[in-house]
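Novice: Have a peek at run_7.pdb (PDB, C-alpha atoms and all ligand atoms).
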ATOM      1  CA  MET A   1     107.011  84.287 114.201  1.00  0.00           C
ATOM      2  CA  ALA A   2     110.650  83.377 114.840  1.00  0.00           C
ATOM      3  CA  LYS A   3     112.567  86.080 116.627  1.00  0.00           C
ATOM      4  CA  GLU A   4     115.191  86.497 113.910  1.00  0.00           C
ATOM      5  CA  ASN A   5     112.488  86.944 111.234  1.00  0.00           C
ATOM      6  CA  LYS A   6     110.643  89.483 113.290  1.00  0.00           C
ATOM      7  CA  LYS A   7     113.557  91.815 113.623  1.00  0.00           C
ATOM      8  CA  ASN A   8     114.246  91.692 109.891  1.00  0.00           C
ATOM      9  CA  ILE A   9     110.826  93.006 109.008  1.00  0.00           C
ATOM     10  CA  LYS A  10     110.476  96.715 108.893  1.00  0.00           C
ATOM     11  CA  LYS A  11     107.260  98.581 108.355  1.00  0.00           C
ATOM     12  CA  TYR A  12     106.966 101.262 105.710  1.00  0.00           C
ATOM     13  CA  LYS A  13     107.728 104.705 107.054  1.00  0.00           C
ATOM     14  CA  ASN A  14     105.008 106.523 105.114  1.00  0.00           C
ATOM     15  CA  ILE A  15     102.587 105.955 102.286  1.00  0.00           C
ATOM     16  CA  ILE A  16     102.924 108.272  99.289  1.00  0.00           C
ATOM     17  CA  LEU A  17     100.208 108.703  96.678  1.00  0.00           C
ATOM     18  CA  TYR A  18     101.349 109.878  93.249  1.00  0.00           C
ATOM     19  CA  GLY A  19      99.432 110.576  90.070  1.00  0.00           C
ATOM     20  CA  PHE A  20      98.102 113.120  87.627  1.00  0.00           C
ATOM     21  CA  MET A  21      95.843 115.987  88.676  1.00  0.00           C
ATOM     22  CA  CYS A  22      92.393 114.829  89.736  1.00  0.00           C
ATOM     23  CA  SER A  23      93.445 111.239  90.303  1.00  0.00           C
ATOM     24  CA  GLY A  24      91.995 111.420  93.827  1.00  0.00           C
ATOM     25  CA  LYS A  25      95.196 111.615  95.877  1.00  0.00           C
ATOM     26  CA  THR A  26      93.986 114.196  98.370  1.00  0.00           C
ATOM     27  CA  ALA A  27      90.554 112.702  98.982  1.00  0.00           C
ATOM     28  CA  ILE A  28      91.926 109.189  99.384  1.00  0.00           C
ATOM     29  CA  ALA A  29      94.829 110.219 101.604  1.00  0.00           C
ATOM     30  CA  LYS A  30      92.537 112.247 103.834  1.00  0.00           C
ATOM     31  CA  GLU A  31      90.080 109.437 104.312  1.00  0.00           C
ATOM     32  CA  PHE A  32      92.747 106.786 104.746  1.00  0.00           C
ATOM     33  CA  ALA A  33      94.498 108.862 107.395  1.00  0.00           C
ATOM     34  CA  LYS A  34      91.293 109.320 109.329  1.00  0.00           C
ATOM     35  CA  LYS A  35      90.340 105.687 109.138  1.00  0.00           C
ATOM     36  CA  PHE A  36      93.699 104.236 110.092  1.00  0.00           C
ATOM     37  CA  ASN A  37      95.037 106.918 112.334  1.00  0.00           C
ATOM     38  CA  LEU A  38      97.889 108.128 110.171  1.00  0.00           C
ATOM     39  CA  LYS A  39      98.952 111.699 109.668  1.00  0.00           C
ATOM     40  CA  PHE A  40      97.509 113.321 106.533  1.00  0.00           C
ATOM     41  CA  ILE A  41      99.992 115.409 104.543  1.00  0.00           C
ATOM     42  CA  ASP A  42      99.188 117.188 101.297  1.00  0.00           C
ATOM     43  CA  THR A  43     102.014 119.036  99.545  1.00  0.00           C
ATOM     44  CA  ASP A  44      99.600 121.420  97.774  1.00  0.00           C
ATOM     45  CA  LEU A  45      97.831 122.295 101.034  1.00  0.00           C
ATOM     46  CA  ILE A  46     101.114 123.056 102.764  1.00  0.00           C
ATOM     47  CA  PHE A  47     102.075 125.264  99.848  1.00  0.00           C
ATOM     48  CA  LYS A  48      98.733 127.088  99.890  1.00  0.00           C
ATOM     49  CA  LYS A  49      98.868 127.743 103.621  1.00  0.00           C
ATOM     50  CA  LYS A  50     102.205 129.463 103.250  1.00  0.00           C
ATOM     51  CA  TYR A  51     102.037 131.075  99.802  1.00  0.00           C
ATOM     52  CA  GLY A  52      98.359 131.350  98.906  1.00  0.00           C
ATOM     53  CA  ARG A  53      96.646 130.003  95.808  1.00  0.00           C
ATOM     54  CA  ILE A  54      98.907 128.014  93.492  1.00  0.00           C
ATOM     55  CA  SER A  55      97.378 129.606  90.359  1.00  0.00           C
ATOM     56  CA  GLU A  56      98.073 133.116  91.641  1.00  0.00           C
ATOM     57  CA  PHE A  57     101.576 132.208  92.752  1.00  0.00           C
ATOM     58  CA  VAL A  58     102.454 130.652  89.396  1.00  0.00           C
ATOM     59  CA  LYS A  59     101.070 133.675  87.558  1.00  0.00           C
ATOM     60  CA  LYS A  60     103.288 135.999  89.548  1.00  0.00           C
ATOM     61  CA  LYS A  61     106.425 133.960  90.168  1.00  0.00           C
ATOM     62  CA  GLY A  62     106.344 131.170  87.598  1.00  0.00           C
ATOM     63  CA  PHE A  63     106.336 127.382  87.725  1.00  0.00           C
ATOM     64  CA  LYS A  64     110.075 127.138  88.344  1.00  0.00           C
ATOM     65  CA  LYS A  65     109.766 128.834  91.709  1.00  0.00           C
ATOM     66  CA  PHE A  66     106.699 126.755  92.541  1.00  0.00           C
ATOM     67  CA  ARG A  67     108.626 123.539  91.804  1.00  0.00           C
ATOM     68  CA  GLU A  68     111.535 124.637  93.973  1.00  0.00           C
ATOM     69  CA  ILE A  69     109.276 125.189  96.968  1.00  0.00           C
ATOM     70  CA  GLU A  70     107.237 122.058  96.254  1.00  0.00           C
ATOM     71  CA  LYS A  71     110.415 119.983  96.272  1.00  0.00           C
ATOM     72  CA  LYS A  72     111.373 121.269  99.717  1.00  0.00           C
ATOM     73  CA  ILE A  73     107.879 120.659 101.063  1.00  0.00           C
ATOM     74  CA  PHE A  74     107.964 117.093  99.782  1.00  0.00           C
ATOM     75  CA  LYS A  75     111.411 116.433 101.210  1.00  0.00           C
ATOM     76  CA  LYS A  76     110.233 117.516 104.624  1.00  0.00           C
ATOM     77  CA  ALA A  77     107.035 115.489 104.315  1.00  0.00           C
ATOM     78  CA  ILE A  78     108.830 112.221 103.606  1.00  0.00           C
ATOM     79  CA  SER A  79     111.154 112.738 106.534  1.00  0.00           C
ATOM     80  CA  GLN A  80     108.184 112.242 108.833  1.00  0.00           C
ATOM     81  CA  LYS A  81     106.751 108.870 109.744  1.00  0.00           C
ATOM     82  CA  ASP A  82     103.360 107.181 109.944  1.00  0.00           C
ATOM     83  CA  SER A  83     101.913 109.556 107.390  1.00  0.00           C
ATOM     84  CA  ILE A  84      99.982 109.261 104.183  1.00  0.00           C
ATOM     85  CA  ILE A  85     101.195 111.891 101.772  1.00  0.00           C
ATOM     86  CA  SER A  86      99.309 113.251  98.797  1.00  0.00           C
ATOM     87  CA  ALA A  87     102.044 114.384  96.386  1.00  0.00           C
ATOM     88  CA  GLY A  88     101.314 117.140  93.860  1.00  0.00           C
ATOM     89  CA  GLY A  89     101.104 115.871  90.268  1.00  0.00           C
ATOM     90  CA  GLY A  90     104.570 117.214  89.452  1.00  0.00           C
ATOM     91  CA  ILE A  91     106.257 114.938  92.008  1.00  0.00           C
ATOM     92  CA  PHE A  92     107.385 111.459  90.979  1.00  0.00           C
ATOM     93  CA  PRO A  93     108.267 108.193  92.710  1.00  0.00           C
ATOM     94  CA  GLY A  94     111.786 107.023  93.322  1.00  0.00           C
ATOM     95  CA  SER A  95     113.481 109.064  95.989  1.00  0.00           C
ATOM     96  CA  SER A  96     111.501 108.152  99.048  1.00  0.00           C
ATOM     97  CA  LYS A  97     113.400 105.678 101.099  1.00  0.00           C
ATOM     98  CA  ASN A  98     111.325 103.094 102.964  1.00  0.00           C
ATOM     99  CA  CYS A  99     108.004 104.578 101.900  1.00  0.00           C
ATOM    100  CA  LEU A 100     105.184 102.708 100.216  1.00  0.00           C
ATOM    101  CA  GLU A 101     104.828 104.413  96.829  1.00  0.00           C
ATOM    102  CA  ILE A 102     101.499 104.097  95.067  1.00  0.00           C
ATOM    103  CA  PHE A 103     100.421 105.470  91.704  1.00  0.00           C
ATOM    104  CA  LEU A 104      96.702 106.304  91.559  1.00  0.00           C
ATOM    105  CA  ASN A 105      96.019 105.536  87.950  1.00  0.00           C
ATOM    106  CA  PRO A 106      92.480 106.163  86.670  1.00  0.00           C
ATOM    107  CA  SER A 107      92.236 106.435  82.865  1.00  0.00           C
ATOM    108  CA  PHE A 108      92.735 109.778  81.132  1.00  0.00           C
ATOM    109  CA  LYS A 109      89.074 109.622  80.174  1.00  0.00           C
ATOM    110  CA  THR A 110      88.103 109.467  83.851  1.00  0.00           C
ATOM    111  CA  LEU A 111      90.507 112.253  84.749  1.00  0.00           C
ATOM    112  CA  GLU A 112      89.060 114.467  82.016  1.00  0.00           C
ATOM    113  CA  LYS A 113      85.602 114.198  83.506  1.00  0.00           C
ATOM    114  CA  ARG A 114      87.032 115.748  86.669  1.00  0.00           C
ATOM    115  CA  PHE A 115      89.129 118.465  85.006  1.00  0.00           C
ATOM    116  CA  ILE A 116      86.245 120.785  84.280  1.00  0.00           C
ATOM    117  CA  ASN A 117      85.423 121.251  87.973  1.00  0.00           C
ATOM    118  CA  ASN A 118      89.024 121.873  88.911  1.00  0.00           C
ATOM    119  CA  LYS A 119      90.002 124.563  86.425  1.00  0.00           C
ATOM    120  CA  LYS A 120      90.276 127.361  88.939  1.00  0.00           C
ATOM    121  CA  THR A 121      92.585 125.728  91.419  1.00  0.00           C
ATOM    122  CA  ARG A 122      95.104 124.211  88.999  1.00  0.00           C
ATOM    123  CA  PRO A 123      97.110 126.422  86.640  1.00  0.00           C
ATOM    124  CA  LEU A 124      97.582 123.582  84.161  1.00  0.00           C
ATOM    125  CA  LEU A 125      93.827 123.135  83.881  1.00  0.00           C
ATOM    126  CA  SER A 126      92.879 126.799  83.506  1.00  0.00           C
ATOM    127  CA  ARG A 127      92.736 126.515  79.701  1.00  0.00           C
ATOM    128  CA  TYR A 128      90.941 123.172  79.639  1.00  0.00           C
ATOM    129  CA  PRO A 129      89.452 121.975  77.260  1.00  0.00           C
ATOM    130  CA  GLU A 130      91.399 124.158  74.788  1.00  0.00           C
ATOM    131  CA  ASN A 131      94.667 122.624  75.971  1.00  0.00           C
ATOM    132  CA  ARG A 132      93.362 119.071  75.950  1.00  0.00           C
ATOM    133  CA  ILE A 133      96.034 117.813  73.553  1.00  0.00           C
ATOM    134  CA  GLU A 134      98.832 119.386  75.574  1.00  0.00           C
ATOM    135  CA  LEU A 135      97.439 117.845  78.739  1.00  0.00           C
ATOM    136  CA  LYS A 136      97.210 114.425  77.151  1.00  0.00           C
ATOM    137  CA  GLU A 137     100.837 114.719  76.057  1.00  0.00           C
ATOM    138  CA  LEU A 138     101.874 115.751  79.548  1.00  0.00           C
ATOM    139  CA  TYR A 139      99.914 112.851  81.000  1.00  0.00           C
ATOM    140  CA  LEU A 140     101.606 110.346  78.660  1.00  0.00           C
ATOM    141  CA  LYS A 141     105.027 111.762  79.413  1.00  0.00           C
ATOM    142  CA  ARG A 142     104.464 111.623  83.156  1.00  0.00           C
ATOM    143  CA  PHE A 143     102.804 108.236  83.061  1.00  0.00           C
ATOM    144  CA  LYS A 144     106.166 106.510  82.587  1.00  0.00           C
ATOM    145  CA  LYS A 145     107.472 108.217  85.699  1.00  0.00           C
ATOM    146  CA  TYR A 146     104.443 107.536  87.883  1.00  0.00           C
ATOM    147  CA  LYS A 147     104.622 103.872  86.837  1.00  0.00           C
ATOM    148  CA  LYS A 148     107.885 103.532  88.712  1.00  0.00           C
ATOM    149  CA  ALA A 149     105.888 103.426  91.930  1.00  0.00           C
ATOM    150  CA  GLU A 150     105.765 100.009  93.548  1.00  0.00           C
ATOM    151  CA  TYR A 151     102.004  99.726  93.027  1.00  0.00           C
ATOM    152  CA  ASN A 152      99.622 101.144  90.514  1.00  0.00           C
ATOM    153  CA  ILE A 153      95.893 101.330  91.224  1.00  0.00           C
ATOM    154  CA  LYS A 154      93.500 101.594  88.297  1.00  0.00           C
ATOM    155  CA  GLU A 155      90.436 101.166  90.467  1.00  0.00           C
ATOM    156  CA  THR A 156      88.231 104.267  90.835  1.00  0.00           C
ATOM    157  CA  ASN A 157      85.940 103.224  93.669  1.00  0.00           C
ATOM    158  CA  LYS A 158      87.063 105.052  96.792  1.00  0.00           C
ATOM    159  CA  ASN A 159      86.472 102.249  99.277  1.00  0.00           C
ATOM    160  CA  LYS A 160      88.141  99.681  97.062  1.00  0.00           C
ATOM    161  CA  ILE A 161      91.166 101.934  96.645  1.00  0.00           C
ATOM    162  CA  ILE A 162      91.398 102.373 100.405  1.00  0.00           C
ATOM    163  CA  ASN A 163      91.247  98.615 100.941  1.00  0.00           C
ATOM    164  CA  LEU A 164      93.967  98.027  98.372  1.00  0.00           C
ATOM    165  CA  ILE A 165      96.253 100.580  99.994  1.00  0.00           C
ATOM    166  CA  LYS A 166      95.609  99.006 103.382  1.00  0.00           C
ATOM    167  CA  PHE A 167      96.477  95.600 101.975  1.00  0.00           C
ATOM    168  CA  TYR A 168      99.733  96.814 100.454  1.00  0.00           C
ATOM    169  CA  TYR A 169     100.637  98.674 103.613  1.00  0.00           C
ATOM    170  CA  GLU A 170     100.038  95.756 105.919  1.00  0.00           C
ATOM    171  CA  ASN A 171     101.161  92.844 103.838  1.00  0.00           C
ATOM    172  CA  ASN A 172     104.203  94.084 102.067  1.00  0.00           C
ATOM    173  CA  LYS A 173     106.575  94.953 104.765  1.00  0.00           C
ATOM    174  CA  ILE A 174     110.159  95.595 103.855  1.00  0.00           C
ATOM    175  CA  LYS A 175     112.156  92.433 104.248  1.00  0.00           C
ATOM    176  CA  ASN A 176     115.900  92.439 104.726  1.00  0.00           C
ATOM    177  CA  ARG A 177     116.492  95.297 102.369  1.00  0.00           C
ATOM    178  CA  GLU A 178     116.360  98.994 102.037  1.00  0.00           C
ATOM    179  CA  ARG A 179     114.000 100.169  99.362  1.00  0.00           C
ATOM    180  CA  ASN A 180     114.902 102.890  96.865  1.00  0.00           C
TER     181      ASN A 180
HETATM  182  C1  LIG B   1     100.329 120.120  89.447  1.00  0.00           C
HETATM  183  C2  LIG B   1      99.406 119.464  90.191  1.00  0.00           C
HETATM  184  C3  LIG B   1      98.704 120.086  91.321  1.00  0.00           C
HETATM  185  C4  LIG B   1      99.515 121.235  91.903  1.00  0.00           C
HETATM  186  C5  LIG B   1      99.911 122.177  90.808  1.00  0.00           C
HETATM  187  C6  LIG B   1     100.751 121.508  89.723  1.00  0.00           C
HETATM  188  C7  LIG B   1     100.987 119.406  88.311  1.00  0.00           C
HETATM  189  O1  LIG B   1      98.478 119.124  92.339  1.00  0.00           O
HETATM  190  O2  LIG B   1     100.646 120.777  92.565  1.00  0.00           O
HETATM  191  O3  LIG B   1      98.766 122.739  90.271  1.00  0.00           O
HETATM  192  O4  LIG B   1     102.007 119.864  87.801  1.00  0.00           O
HETATM  193  O5  LIG B   1     100.481 118.319  87.950  1.00  0.00           O
HETATM  194  P1  LIG B   1      97.384 117.922  92.232  1.00  0.00           P
HETATM  195  O6  LIG B   1      98.065 116.810  91.493  1.00  0.00           O
HETATM  196  O7  LIG B   1      97.123 117.590  93.638  1.00  0.00           O
HETATM  197  O8  LIG B   1      96.237 118.457  91.503  1.00  0.00           O
END
If you took the structure in this file and wrote it as structure tokens, what would it be?
Ligand code: S3P
Specialist:
Amino acid sequence: MAKENKKNIKKYKNIILYGFMCSGKTAIAKEFAKKFNLKFIDTDLIFKKKYGRISEFVKKKGFKKFREIEKKIFKKAISQKDSIISAGGGIFPGSSKNCLEIFLNPSFKTLEKRFINNKKTRPLLSRYPENRIELKELYLKRFKKYKKAEYNIKETNKNKIINLIKFYYENNKIKNRERN
């Protein structure tokens, strides 16, 4: 590669996975990090380590406080490098300079199959399936925001998702421009 081209190509700083609850962000990020020697960061895990269970916290202090802390955790996470970050479902693409932003996008039908086993850990799922309609509305509202990510992966097979992320990470380096 010509010298001048080489210096104009900059690798992504981090990978960020966005998406609705149960879209697989944590599991994928964890495995990807292990496989490709990146740092695994999960905003929910960081929160839990410091403040305990999210459901309990939200019950006592409310979602507003949770969002405030979550925002700070995310800001710190994206300031790192060579990480793959699993962003909580209430975080959206757009403000993460030089990061590869990916929306994990299985269908709502697929997500619903996973909701039932995740009721206890997520306050928004505690009333599932009674609040199914509300959740669907929330999903549709958020969908537009998640879609702003550079890539959107509908695939649900774990290995295929990992390969796609690897492909995007390696083959779409930032050329001559600052992203976001
Ligand atoms: C939330 C998603 C959860 C967690 C919290 C709120 C949301 O993270 O941050 O329960 O608002 O969608 P996951 O997306 O990792 O489940």
Novice: So what do you get for CA of Pro93 (chain A) versus CA of Leu124 (chain A), distance-wise?
Specialist: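 We find that CA of Pro93 (chain A) and CA of Leu124 (chain A) lie 20.6 Å from each other.
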Novice: Go through chain A and flag each residue having an atom no more than 9 Å from ligand LIG 1 (chain B); for those, report the closest pair of atoms plus their distance in Å to one decimal, using only C-alpha atoms and all ligand atoms, ordered by chain and rising number, as a tab-separated table.
Specialist:
residue	atom	partner	partner_atom	distance
A:Tyr18	CA	B:LIG1	O6	7.9
A:Gly19	CA	B:LIG1	O6	6.5
A:Phe20	CA	B:LIG1	O6	5.3
A:Met21	CA	B:LIG1	O6	3.7
A:Cys22	CA	B:LIG1	O8	5.6
A:Ser23	CA	B:LIG1	O6	7.3
A:Gly24	CA	B:LIG1	O7	8.0
A:Lys25	CA	B:LIG1	O7	6.7
A:Thr26	CA	B:LIG1	O7	6.6
A:Asp42	CA	B:LIG1	O7	7.9
A:Thr43	CA	B:LIG1	O2	7.3
A:Asp44	CA	B:LIG1	O2	5.4
A:Leu45	CA	B:LIG1	O7	8.8
A:Phe47	CA	B:LIG1	O2	8.7
A:Ile54	CA	B:LIG1	O3	6.2
A:Ser55	CA	B:LIG1	O3	7.0
A:Val58	CA	B:LIG1	O3	8.8
A:Phe63	CA	B:LIG1	C6	8.3
A:Phe66	CA	B:LIG1	C5	8.4
A:Arg67	CA	B:LIG1	C6	8.4
A:Glu70	CA	B:LIG1	O2	7.7
A:Ser86	CA	B:LIG1	O7	7.1
A:Ala87	CA	B:LIG1	O7	6.5
A:Gly88	CA	B:LIG1	O1	3.8
A:Gly89	CA	B:LIG1	O6	3.4
A:Gly90	CA	B:LIG1	O4	4.0
A:Ile91	CA	B:LIG1	O4	7.7
A:Asn118	CA	B:LIG1	O8	8.4
A:Thr121	CA	B:LIG1	O3	7.0
A:Arg122	CA	B:LIG1	O3	4.1
A:Pro123	CA	B:LIG1	O3	5.4
A:Leu124	CA	B:LIG1	O3	6.3
A:Leu125	CA	B:LIG1	O3	8.1
A:Leu138	CA	B:LIG1	O5	8.9
A:Tyr139	CA	B:LIG1	O5	8.9
Novice: Name the residues captured by the PyMOL selection byres (((chain A and resi 147-158) around 10) and not hetatm) when it is applied to the shown file; answer as a ChimeraX atom specification.
Specialist: /A:16-19,23-24,27-28,31-32,92-94,99-107,110,142-146,159-165,168
Novice: Evaluate the PyMOL selection byres (((chain A and resi 131-133) around 12) and not hetatm) and record the selected residues as a PyMOL selection string, following the chain and residue labels used in the document.
Specialist: chain A and resi 108-109+111-113+115-116+119+123-130+134-140
Novice: When distances are computed from all atoms listed in the file, which of A:Lys75, A:Lys30, A:Lys166, A:Arg53 shows the smallest separation from Lys97 (chain A)?
Specialist: A:Lys75
Novice: Closest to Ser96 (chain A) among A:Phe36, A:Phe74, A:Tyr169, A:Tyr51, using all atoms listed in the file?
Specialist: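 The closest residue to Ser96 (chain A) is A:Phe74.
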Novice: What is the distance, in Å and to one decimal place, between CA of Lys35 (chain A) and CA of Ile73 (chain A)?
Specialist: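 Calculated distance between CA of Lys35 (chain A) and CA of Ile73 (chain A) is 24.4 Å.
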Novice: From the set A:Lys11, A:Ile85, A:Lys61, A:Lys34, which residue has the shortest atom-to-atom contact distance to Ile46 (chain A), counting all atoms listed in the file?
Specialist: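 Comparing A:Lys11, A:Ile85, A:Lys61, A:Lys34 against Ile46 (chain A), the winner is A:Ile85.
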Novice: Please report the interatomic distance between CA of Lys59 (chain A) and CA of Asn117 (chain A) in Å with one decimal.
Specialist: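 So the two atoms, CA of Lys59 (chain A) and CA of Asn117 (chain A), lie 20.0 Å apart.
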Novice: Given all atoms listed in the file as the basis, pick out the residue of A:Ile84, A:Lys64, A:Lys141, A:Lys120 nearest to Ala29 (chain A).
Specialist: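 Among the listed residues, A:Ile84 lies closest to Ala29 (chain A).
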